[in-house]
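start.pdb follows; it contains PDB, N, CA and C atoms.
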ATOM      1  N   MET A   1      18.474  -2.830  -1.666
ATOM      2  CA  MET A   1      19.499  -2.292  -0.821
ATOM      3  C   MET A   1      19.229  -2.711   0.630
ATOM      4  N   VAL A   2      20.257  -3.177   1.312
ATOM      5  CA  VAL A   2      20.141  -3.538   2.729
ATOM      6  C   VAL A   2      20.852  -2.466   3.546
ATOM      7  N   TYR A   3      20.172  -1.988   4.565
ATOM      8  CA  TYR A   3      20.714  -0.943   5.427
ATOM      9  C   TYR A   3      20.683  -1.449   6.865
ATOM     10  N   ARG A   4      21.786  -1.290   7.576
ATOM     11  CA  ARG A   4      21.855  -1.693   8.986
ATOM     12  C   ARG A   4      21.706  -0.466   9.873
ATOM     13  N   TYR A   5      20.749  -0.547  10.789
ATOM     14  CA  TYR A   5      20.462   0.543  11.725
ATOM     15  C   TYR A   5      20.771   0.071  13.136
ATOM     16  N   LYS A   6      21.601   0.834  13.857
ATOM     17  CA  LYS A   6      21.903   0.524  15.249
ATOM     18  C   LYS A   6      20.810   1.121  16.111
ATOM     19  N   THR A   7      20.069   0.259  16.801
ATOM     20  CA  THR A   7      18.936   0.714  17.611
ATOM     21  C   THR A   7      19.401   1.438  18.868
ATOM     22  N   LYS A   8      18.495   2.222  19.424
ATOM     23  CA  LYS A   8      18.782   2.984  20.638
ATOM     24  C   LYS A   8      17.636   2.758  21.627
ATOM     25  N   GLY A   9      17.959   2.317  22.836
ATOM     26  CA  GLY A   9      16.960   2.197  23.893
ATOM     27  C   GLY A   9      16.113   0.945  23.860
ATOM     28  N   THR A  10      16.546  -0.087  23.117
ATOM     29  CA  THR A  10      15.772  -1.331  23.039
ATOM     30  C   THR A  10      16.670  -2.532  23.309
ATOM     31  N   CYS A  11      16.035  -3.679  23.481
ATOM     32  CA  CYS A  11      16.783  -4.920  23.684
ATOM     33  C   CYS A  11      17.477  -5.373  22.400
ATOM     34  N   SER A  12      16.854  -5.121  21.260
ATOM     35  CA  SER A  12      17.519  -5.445  19.998
ATOM     36  C   SER A  12      18.679  -4.468  19.819
ATOM     37  N   VAL A  13      19.757  -4.931  19.189
ATOM     38  CA  VAL A  13      20.939  -4.085  19.039
ATOM     39  C   VAL A  13      21.023  -3.434  17.665
ATOM     40  N   CYS A  14      20.414  -4.062  16.662
ATOM     41  CA  CYS A  14      20.378  -3.472  15.332
ATOM     42  C   CYS A  14      19.294  -4.142  14.498
ATOM     43  N   ILE A  15      18.958  -3.454  13.398
ATOM     44  CA  ILE A  15      17.950  -3.964  12.469
ATOM     45  C   ILE A  15      18.520  -3.833  11.060
ATOM     46  N   ASP A  16      18.463  -4.914  10.291
ATOM     47  CA  ASP A  16      18.805  -4.868   8.878
ATOM     48  C   ASP A  16      17.512  -4.741   8.098
ATOM     49  N   VAL A  17      17.400  -3.669   7.310
ATOM     50  CA  VAL A  17      16.195  -3.465   6.505
ATOM     51  C   VAL A  17      16.570  -3.496   5.030
ATOM     52  N   GLU A  18      15.737  -4.153   4.258
ATOM     53  CA  GLU A  18      15.911  -4.196   2.809
ATOM     54  C   GLU A  18      14.707  -3.509   2.193
ATOM     55  N   MET A  19      14.988  -2.443   1.455
ATOM     56  CA  MET A  19      13.936  -1.626   0.856
ATOM     57  C   MET A  19      13.965  -1.757  -0.663
ATOM     58  N   GLU A  20      12.799  -1.615  -1.244
ATOM     59  CA  GLU A  20      12.673  -1.478  -2.689
ATOM     60  C   GLU A  20      11.834  -0.225  -2.905
ATOM     61  N   GLY A  21      12.503   0.875  -3.215
ATOM     62  CA  GLY A  21      11.818   2.164  -3.227
ATOM     63  C   GLY A  21      11.421   2.513  -1.808
ATOM     64  N   ASN A  22      10.142   2.791  -1.588
ATOM     65  CA  ASN A  22       9.684   3.087  -0.224
ATOM     66  C   ASN A  22       8.944   1.895   0.399
ATOM     67  N   THR A  23       9.134   0.706  -0.190
ATOM     68  CA  THR A  23       8.482  -0.506   0.299
ATOM     69  C   THR A  23       9.487  -1.394   1.010
ATOM     70  N   LEU A  24       9.102  -1.898   2.182
ATOM     71  CA  LEU A  24       9.965  -2.806   2.940
ATOM     72  C   LEU A  24       9.883  -4.209   2.362
ATOM     73  N   LYS A  25      11.024  -4.735   1.944
ATOM     74  CA  LYS A  25      11.068  -6.115   1.459
ATOM     75  C   LYS A  25      11.300  -7.074   2.628
ATOM     76  N   ASN A  26      12.205  -6.681   3.547
ATOM     77  CA  ASN A  26      12.557  -7.579   4.651
ATOM     78  C   ASN A  26      13.172  -6.777   5.793
ATOM     79  N   ALA A  27      12.906  -7.207   7.012
ATOM     80  CA  ALA A  27      13.534  -6.619   8.194
ATOM     81  C   ALA A  27      14.008  -7.758   9.091
ATOM     82  N   VAL A  28      15.253  -7.666   9.527
ATOM     83  CA  VAL A  28      15.827  -8.674  10.431
ATOM     84  C   VAL A  28      16.327  -7.951  11.672
ATOM     85  N   PHE A  29      15.746  -8.289  12.817
ATOM     86  CA  PHE A  29      16.158  -7.722  14.100
ATOM     87  C   PHE A  29      17.240  -8.617  14.702
ATOM     88  N   HIS A  30      18.254  -8.009  15.287
ATOM     89  CA  HIS A  30      19.315  -8.749  15.974
ATOM     90  C   HIS A  30      19.188  -8.457  17.466
ATOM     91  N   GLY A  31      18.917  -9.504  18.237
ATOM     92  CA  GLY A  31      18.662  -9.348  19.662
ATOM     93  C   GLY A  31      17.176  -9.108  19.891
ATOM     94  N   GLY A  32      16.793  -8.939  21.121
ATOM     95  CA  GLY A  32      15.391  -8.683  21.439
ATOM     96  C   GLY A  32      14.574  -9.960  21.531
ATOM     97  N   CYS A  33      13.279  -9.819  21.497
ATOM     98  CA  CYS A  33      12.336 -10.934  21.625
ATOM     99  C   CYS A  33      12.144 -11.596  20.263
ATOM    100  N   ASN A  34      12.905 -12.606  19.997
ATOM    101  CA  ASN A  34      13.017 -13.199  18.667
ATOM    102  C   ASN A  34      11.680 -13.527  18.011
ATOM    103  N   GLY A  35      10.818 -14.240  18.680
ATOM    104  CA  GLY A  35       9.542 -14.630  18.082
ATOM    105  C   GLY A  35       8.668 -13.441  17.748
ATOM    106  N   ASN A  36       8.562 -12.506  18.690
ATOM    107  CA  ASN A  36       7.744 -11.311  18.449
ATOM    108  C   ASN A  36       8.297 -10.483  17.293
ATOM    109  N   LEU A  37       9.610 -10.354  17.229
ATOM    110  CA  LEU A  37      10.210  -9.531  16.181
ATOM    111  C   LEU A  37      10.124 -10.198  14.814
ATOM    112  N   GLN A  38      10.185 -11.521  14.785
ATOM    113  CA  GLN A  38       9.956 -12.221  13.511
ATOM    114  C   GLN A  38       8.515 -11.990  13.054
ATOM    115  N   GLY A  39       7.585 -11.998  13.989
ATOM    116  CA  GLY A  39       6.188 -11.750  13.668
ATOM    117  C   GLY A  39       5.969 -10.351  13.132
ATOM    118  N   ILE A  40       6.565  -9.355  13.780
ATOM    119  CA  ILE A  40       6.439  -7.975  13.304
ATOM    120  C   ILE A  40       7.007  -7.863  11.890
ATOM    121  N   SER A  41       8.178  -8.455  11.670
ATOM    122  CA  SER A  41       8.799  -8.408  10.345
ATOM    123  C   SER A  41       7.889  -9.013   9.283
ATOM    124  N   ALA A  42       7.287 -10.155   9.593
ATOM    125  CA  ALA A  42       6.402 -10.818   8.627
ATOM    126  C   ALA A  42       5.165  -9.966   8.343
ATOM    127  N   LEU A  43       4.640  -9.308   9.373
ATOM    128  CA  LEU A  43       3.427  -8.507   9.202
ATOM    129  C   LEU A  43       3.647  -7.231   8.389
ATOM    130  N   VAL A  44       4.839  -6.647   8.477
ATOM    131  CA  VAL A  44       5.064  -5.373   7.785
ATOM    132  C   VAL A  44       5.795  -5.523   6.454
ATOM    133  N   SER A  45       6.326  -6.683   6.159
ATOM    134  CA  SER A  45       6.986  -6.888   4.868
ATOM    135  C   SER A  45       5.978  -6.666   3.751
ATOM    136  N   GLY A  46       6.385  -5.894   2.754
ATOM    137  CA  GLY A  46       5.510  -5.583   1.637
ATOM    138  C   GLY A  46       4.723  -4.295   1.811
ATOM    139  N   LEU A  47       4.780  -3.693   3.015
ATOM    140  CA  LEU A  47       4.098  -2.423   3.254
ATOM    141  C   LEU A  47       5.029  -1.260   2.930
ATOM    142  N   THR A  48       4.446  -0.116   2.649
ATOM    143  CA  THR A  48       5.253   1.073   2.394
ATOM    144  C   THR A  48       5.720   1.675   3.717
ATOM    145  N   TYR A  49       6.718   2.542   3.604
ATOM    146  CA  TYR A  49       7.215   3.248   4.776
ATOM    147  C   TYR A  49       6.072   3.980   5.483
ATOM    148  N   GLU A  50       5.224   4.654   4.715
ATOM    149  CA  GLU A  50       4.135   5.433   5.296
ATOM    150  C   GLU A  50       3.155   4.545   6.060
ATOM    151  N   GLU A  51       2.845   3.386   5.511
ATOM    152  CA  GLU A  51       1.936   2.460   6.196
ATOM    153  C   GLU A  51       2.546   1.961   7.504
ATOM    154  N   ILE A  52       3.825   1.643   7.466
ATOM    155  CA  ILE A  52       4.519   1.150   8.670
ATOM    156  C   ILE A  52       4.617   2.268   9.693
ATOM    157  N   ARG A  53       4.977   3.466   9.248
ATOM    158  CA  ARG A  53       5.080   4.614  10.162
ATOM    159  C   ARG A  53       3.750   4.866  10.862
ATOM    160  N   ASP A  54       2.670   4.838  10.097
ATOM    161  CA  ASP A  54       1.350   5.110  10.675
ATOM    162  C   ASP A  54       0.947   4.058  11.711
ATOM    163  N   LYS A  55       1.384   2.832  11.544
ATOM    164  CA  LYS A  55       1.026   1.752  12.465
ATOM    165  C   LYS A  55       1.948   1.661  13.680
ATOM    166  N   LEU A  56       3.257   1.921  13.510
ATOM    167  CA  LEU A  56       4.227   1.578  14.539
ATOM    168  C   LEU A  56       4.921   2.751  15.229
ATOM    169  N   SER A  57       4.908   3.926  14.618
ATOM    170  CA  SER A  57       5.626   5.062  15.188
ATOM    171  C   SER A  57       5.051   5.443  16.549
ATOM    172  N   GLY A  58       5.949   5.654  17.503
ATOM    173  CA  GLY A  58       5.541   6.111  18.833
ATOM    174  C   GLY A  58       5.184   5.019  19.820
ATOM    175  N   ILE A  59       5.216   3.762  19.387
ATOM    176  CA  ILE A  59       4.929   2.665  20.327
ATOM    177  C   ILE A  59       6.050   2.612  21.367
ATOM    178  N   LYS A  60       5.669   2.448  22.612
ATOM    179  CA  LYS A  60       6.640   2.366  23.711
ATOM    180  C   LYS A  60       6.656   0.961  24.280
ATOM    181  N   CYS A  61       7.790   0.576  24.846
ATOM    182  CA  CYS A  61       7.946  -0.734  25.478
ATOM    183  C   CYS A  61       8.110  -0.510  26.977
ATOM    184  N   GLY A  62       7.064  -0.824  27.732
ATOM    185  CA  GLY A  62       7.124  -0.645  29.186
ATOM    186  C   GLY A  62       7.430   0.797  29.540
ATOM    187  N   PHE A  63       8.461   1.007  30.340
ATOM    188  CA  PHE A  63       8.845   2.344  30.784
ATOM    189  C   PHE A  63       9.765   3.049  29.801
ATOM    190  N   LYS A  64      10.174   2.364  28.725
ATOM    191  CA  LYS A  64      11.104   2.951  27.755
ATOM    192  C   LYS A  64      10.368   3.954  26.866
ATOM    193  N   SER A  65      11.107   4.908  26.327
ATOM    194  CA  SER A  65      10.504   5.925  25.463
ATOM    195  C   SER A  65      10.374   5.472  24.012
ATOM    196  N   THR A  66      10.800   4.255  23.724
ATOM    197  CA  THR A  66      10.744   3.705  22.371
ATOM    198  C   THR A  66      10.490   2.206  22.467
ATOM    199  N   SER A  67      10.479   1.540  21.325
ATOM    200  CA  SER A  67      10.287   0.092  21.269
ATOM    201  C   SER A  67      10.941  -0.415  19.991
ATOM    202  N   CYS A  68      11.017  -1.712  19.837
ATOM    203  CA  CYS A  68      11.554  -2.275  18.594
ATOM    204  C   CYS A  68      10.707  -1.865  17.383
ATOM    205  N   PRO A  69       9.369  -1.885  17.460
ATOM    206  CA  PRO A  69       8.593  -1.407  16.316
ATOM    207  C   PRO A  69       8.863   0.068  15.997
ATOM    208  N   ASP A  70       8.969   0.906  17.021
ATOM    209  CA  ASP A  70       9.278   2.321  16.818
ATOM    210  C   ASP A  70      10.667   2.478  16.199
ATOM    211  N   GLN A  71      11.624   1.678  16.643
ATOM    212  CA  GLN A  71      12.972   1.726  16.084
ATOM    213  C   GLN A  71      12.989   1.267  14.623
ATOM    214  N   LEU A  72      12.094   0.360  14.254
ATOM    215  CA  LEU A  72      11.982  -0.050  12.857
ATOM    216  C   LEU A  72      11.596   1.146  11.993
ATOM    217  N   VAL A  73      10.675   1.953  12.450
ATOM    218  CA  VAL A  73      10.285   3.161  11.712
ATOM    219  C   VAL A  73      11.497   4.070  11.530
ATOM    220  N   ARG A  74      12.267   4.249  12.577
ATOM    221  CA  ARG A  74      13.458   5.099  12.505
ATOM    222  C   ARG A  74      14.490   4.504  11.553
ATOM    223  N   ALA A  75      14.615   3.171  11.551
ATOM    224  CA  ALA A  75      15.534   2.505  10.627
ATOM    225  C   ALA A  75      15.120   2.748   9.183
ATOM    226  N   LEU A  76      13.827   2.674   8.920
ATOM    227  CA  LEU A  76      13.330   2.907   7.560
ATOM    228  C   LEU A  76      13.557   4.348   7.133
ATOM    229  N   GLU A  77      13.359   5.283   8.048
ATOM    230  CA  GLU A  77      13.612   6.699   7.750
ATOM    231  C   GLU A  77      15.064   6.903   7.333
ATOM    232  N   GLU A  78      15.983   6.338   8.111
ATOM    233  CA  GLU A  78      17.407   6.480   7.805
ATOM    234  C   GLU A  78      17.771   5.775   6.503
ATOM    235  N   ALA A  79      17.215   4.596   6.281
ATOM    236  CA  ALA A  79      17.510   3.851   5.057
ATOM    237  C   ALA A  79      17.062   4.644   3.833
ATOM    238  N   MET A  80      15.902   5.279   3.916
ATOM    239  CA  MET A  80      15.402   6.058   2.788
ATOM    240  C   MET A  80      16.243   7.316   2.572
ATOM    241  N   LYS A  81      16.658   7.979   3.651
ATOM    242  CA  LYS A  81      17.526   9.155   3.523
ATOM    243  C   LYS A  81      18.864   8.759   2.917
ATOM    244  N   ASN A  82      19.392   7.616   3.349
ATOM    245  CA  ASN A  82      20.661   7.114   2.831
ATOM    246  C   ASN A  82      20.551   6.814   1.336
ATOM    247  N   ALA A  83      19.456   6.203   0.923
ATOM    248  CA  ALA A  83      19.245   5.885  -0.487
ATOM    249  C   ALA A  83      19.126   7.155  -1.317
ATOM    250  N   GLU A  84      18.435   8.169  -0.786
ATOM    251  CA  GLU A  84      18.279   9.444  -1.492
ATOM    252  C   GLU A  84      19.622  10.127  -1.680
ATOM    253  N   SER A  85      20.450  10.117  -0.635
ATOM    254  CA  SER A  85      21.755  10.789  -0.732
ATOM    255  C   SER A  85      22.680  10.052  -1.699
ATOM    256  N   GLN A  86      22.578   8.730  -1.755
ATOM    257  CA  GLN A  86      23.409   7.966  -2.685
ATOM    258  C   GLN A  86      22.965   8.186  -4.126
ATOM    259  N   SER A  87      21.660   8.316  -4.368
ATOM    260  CA  SER A  87      21.183   8.525  -5.730
ATOM    261  C   SER A  87      21.465   9.947  -6.208
ATOM    262  N   ALA A  88      21.653  10.889  -5.279
ATOM    263  CA  ALA A  88      21.954  12.270  -5.640
ATOM    264  C   ALA A  88      23.413  12.442  -6.050
ATOM    265  N   GLU A  89      24.245  11.485  -5.696
ATOM    266  CA  GLU A  89      25.686  11.598  -5.989
ATOM    267  C   GLU A  89      25.999  11.241  -7.412
TER     268      GLU A  89
END
Written as structure tokens, that's how I'd like the structure from this file.
Amino acid sequence: MVYRYKTKGTCSVCIDVEMEGNTLKNAVFHGGCNGNLQGISALVSGLTYEEIRDKLSGIKCGFKSTSCPDQLVRALEEAMKNAESQSAE
């Protein structure tokens, strides 16, 4: 399942995440620092939500209260909630 998350407070405008259960298969950032975000995506692909959350949650970018890695955690949270609500229907 691919889920699109609209980011808040970052240079990237959205993130497409593909999950298999609670494991991230792929993440594509739109906007932002392309090379760095491709690197982050490659490093976290194949990790579980919990592993990614533990590594990336709360990271800040400069004076901002969030960052692209932090927004990825939020995207995964929403994607998992969305998948749960769809399977409950």
Which residue, A:Leu37, A:Gly32, A:Val17, A:Leu56, has the smallest gap to A:Leu76 when you use all atoms listed in the file? A:Val17
Two-atom distance - atom CA of A:Asn26, atom CA of A:Gly39 (Å): 11.8 Å
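Closest approach to A:Tyr49 among A:Cys14, A:Val73, A:Ala88, A:Val2: A:Val73, based on only N, CA and C atoms.
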For the structure provided, state which residues fall under the PyMOL selection byres (((chain A and resi 18-20 and name CA) around 10) and name CA), and present them as a VMD selection string. chain A and resid 1 to 4 15 to 17 21 to 28 45 to 46 48 to 49 76 79 to 80 83
Can I get the selected residues back with N, CA and C atoms, as a PDB file, in the coordinates of the input?
ATOM      1  N   MET A   1      18.474  -2.830  -1.666  1.00  0.00           N
ATOM      2  CA  MET A   1      19.499  -2.292  -0.821  1.00  0.00           C
ATOM      3  C   MET A   1      19.229  -2.711   0.630  1.00  0.00           C
ATOM      4  N   VAL A   2      20.257  -3.177   1.312  1.00  0.00           N
ATOM      5  CA  VAL A   2      20.141  -3.538   2.729  1.00  0.00           C
ATOM      6  C   VAL A   2      20.852  -2.466   3.546  1.00  0.00           C
ATOM      7  N   TYR A   3      20.172  -1.988   4.565  1.00  0.00           N
ATOM      8  CA  TYR A   3      20.714  -0.943   5.427  1.00  0.00           C
ATOM      9  C   TYR A   3      20.683  -1.449   6.865  1.00  0.00           C
ATOM     10  N   ARG A   4      21.786  -1.290   7.576  1.00  0.00           N
ATOM     11  CA  ARG A   4      21.855  -1.693   8.986  1.00  0.00           C
ATOM     12  C   ARG A   4      21.706  -0.466   9.873  1.00  0.00           C
ATOM     13  N   ILE A  15      18.958  -3.454  13.398  1.00  0.00           N
ATOM     14  CA  ILE A  15      17.950  -3.964  12.469  1.00  0.00           C
ATOM     15  C   ILE A  15      18.520  -3.833  11.060  1.00  0.00           C
ATOM     16  N   ASP A  16      18.463  -4.914  10.291  1.00  0.00           N
ATOM     17  CA  ASP A  16      18.805  -4.868   8.878  1.00  0.00           C
ATOM     18  C   ASP A  16      17.512  -4.741   8.098  1.00  0.00           C
ATOM     19  N   VAL A  17      17.400  -3.669   7.310  1.00  0.00           N
ATOM     20  CA  VAL A  17      16.195  -3.465   6.505  1.00  0.00           C
ATOM     21  C   VAL A  17      16.570  -3.496   5.030  1.00  0.00           C
ATOM     22  N   GLY A  21      12.503   0.875  -3.215  1.00  0.00           N
ATOM     23  CA  GLY A  21      11.818   2.164  -3.227  1.00  0.00           C
ATOM     24  C   GLY A  21      11.421   2.513  -1.808  1.00  0.00           C
ATOM     25  N   ASN A  22      10.142   2.791  -1.588  1.00  0.00           N
ATOM     26  CA  ASN A  22       9.684   3.087  -0.224  1.00  0.00           C
ATOM     27  C   ASN A  22       8.944   1.895   0.399  1.00  0.00           C
ATOM     28  N   THR A  23       9.134   0.706  -0.190  1.00  0.00           N
ATOM     29  CA  THR A  23       8.482  -0.506   0.299  1.00  0.00           C
ATOM     30  C   THR A  23       9.487  -1.394   1.010  1.00  0.00           C
ATOM     31  N   LEU A  24       9.102  -1.898   2.182  1.00  0.00           N
ATOM     32  CA  LEU A  24       9.965  -2.806   2.940  1.00  0.00           C
ATOM     33  C   LEU A  24       9.883  -4.209   2.362  1.00  0.00           C
ATOM     34  N   LYS A  25      11.024  -4.735   1.944  1.00  0.00           N
ATOM     35  CA  LYS A  25      11.068  -6.115   1.459  1.00  0.00           C
ATOM     36  C   LYS A  25      11.300  -7.074   2.628  1.00  0.00           C
ATOM     37  N   ASN A  26      12.205  -6.681   3.547  1.00  0.00           N
ATOM     38  CA  ASN A  26      12.557  -7.579   4.651  1.00  0.00           C
ATOM     39  C   ASN A  26      13.172  -6.777   5.793  1.00  0.00           C
ATOM     40  N   ALA A  27      12.906  -7.207   7.012  1.00  0.00           N
ATOM     41  CA  ALA A  27      13.534  -6.619   8.194  1.00  0.00           C
ATOM     42  C   ALA A  27      14.008  -7.758   9.091  1.00  0.00           C
ATOM     43  N   VAL A  28      15.253  -7.666   9.527  1.00  0.00           N
ATOM     44  CA  VAL A  28      15.827  -8.674  10.431  1.00  0.00           C
ATOM     45  C   VAL A  28      16.327  -7.951  11.672  1.00  0.00           C
ATOM     46  N   SER A  45       6.326  -6.683   6.159  1.00  0.00           N
ATOM     47  CA  SER A  45       6.986  -6.888   4.868  1.00  0.00           C
ATOM     48  C   SER A  45       5.978  -6.666   3.751  1.00  0.00           C
ATOM     49  N   GLY A  46       6.385  -5.894   2.754  1.00  0.00           N
ATOM     50  CA  GLY A  46       5.510  -5.583   1.637  1.00  0.00           C
ATOM     51  C   GLY A  46       4.723  -4.295   1.811  1.00  0.00           C
ATOM     52  N   THR A  48       4.446  -0.116   2.649  1.00  0.00           N
ATOM     53  CA  THR A  48       5.253   1.073   2.394  1.00  0.00           C
ATOM     54  C   THR A  48       5.720   1.675   3.717  1.00  0.00           C
ATOM     55  N   TYR A  49       6.718   2.542   3.604  1.00  0.00           N
ATOM     56  CA  TYR A  49       7.215   3.248   4.776  1.00  0.00           C
ATOM     57  C   TYR A  49       6.072   3.980   5.483  1.00  0.00           C
ATOM     58  N   LEU A  76      13.827   2.674   8.920  1.00  0.00           N
ATOM     59  CA  LEU A  76      13.330   2.907   7.560  1.00  0.00           C
ATOM     60  C   LEU A  76      13.557   4.348   7.133  1.00  0.00           C
ATOM     61  N   ALA A  79      17.215   4.596   6.281  1.00  0.00           N
ATOM     62  CA  ALA A  79      17.510   3.851   5.057  1.00  0.00           C
ATOM     63  C   ALA A  79      17.062   4.644   3.833  1.00  0.00           C
ATOM     64  N   MET A  80      15.902   5.279   3.916  1.00  0.00           N
ATOM     65  CA  MET A  80      15.402   6.058   2.788  1.00  0.00           C
ATOM     66  C   MET A  80      16.243   7.316   2.572  1.00  0.00           C
ATOM     67  N   ALA A  83      19.456   6.203   0.923  1.00  0.00           N
ATOM     68  CA  ALA A  83      19.245   5.885  -0.487  1.00  0.00           C
ATOM     69  C   ALA A  83      19.126   7.155  -1.317  1.00  0.00           C
TER      70      ALA A  83
END
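Atom CA of A:Lys6 to atom CA of A:Leu72 spans 10.2 Å [interatomic distance, one decimal].
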Those in stretch 5-76 of chain A with alpha helix (DSSP H) from DSSP, as a PyMOL selection string: chain A and resi 34-44+49-56+68-76
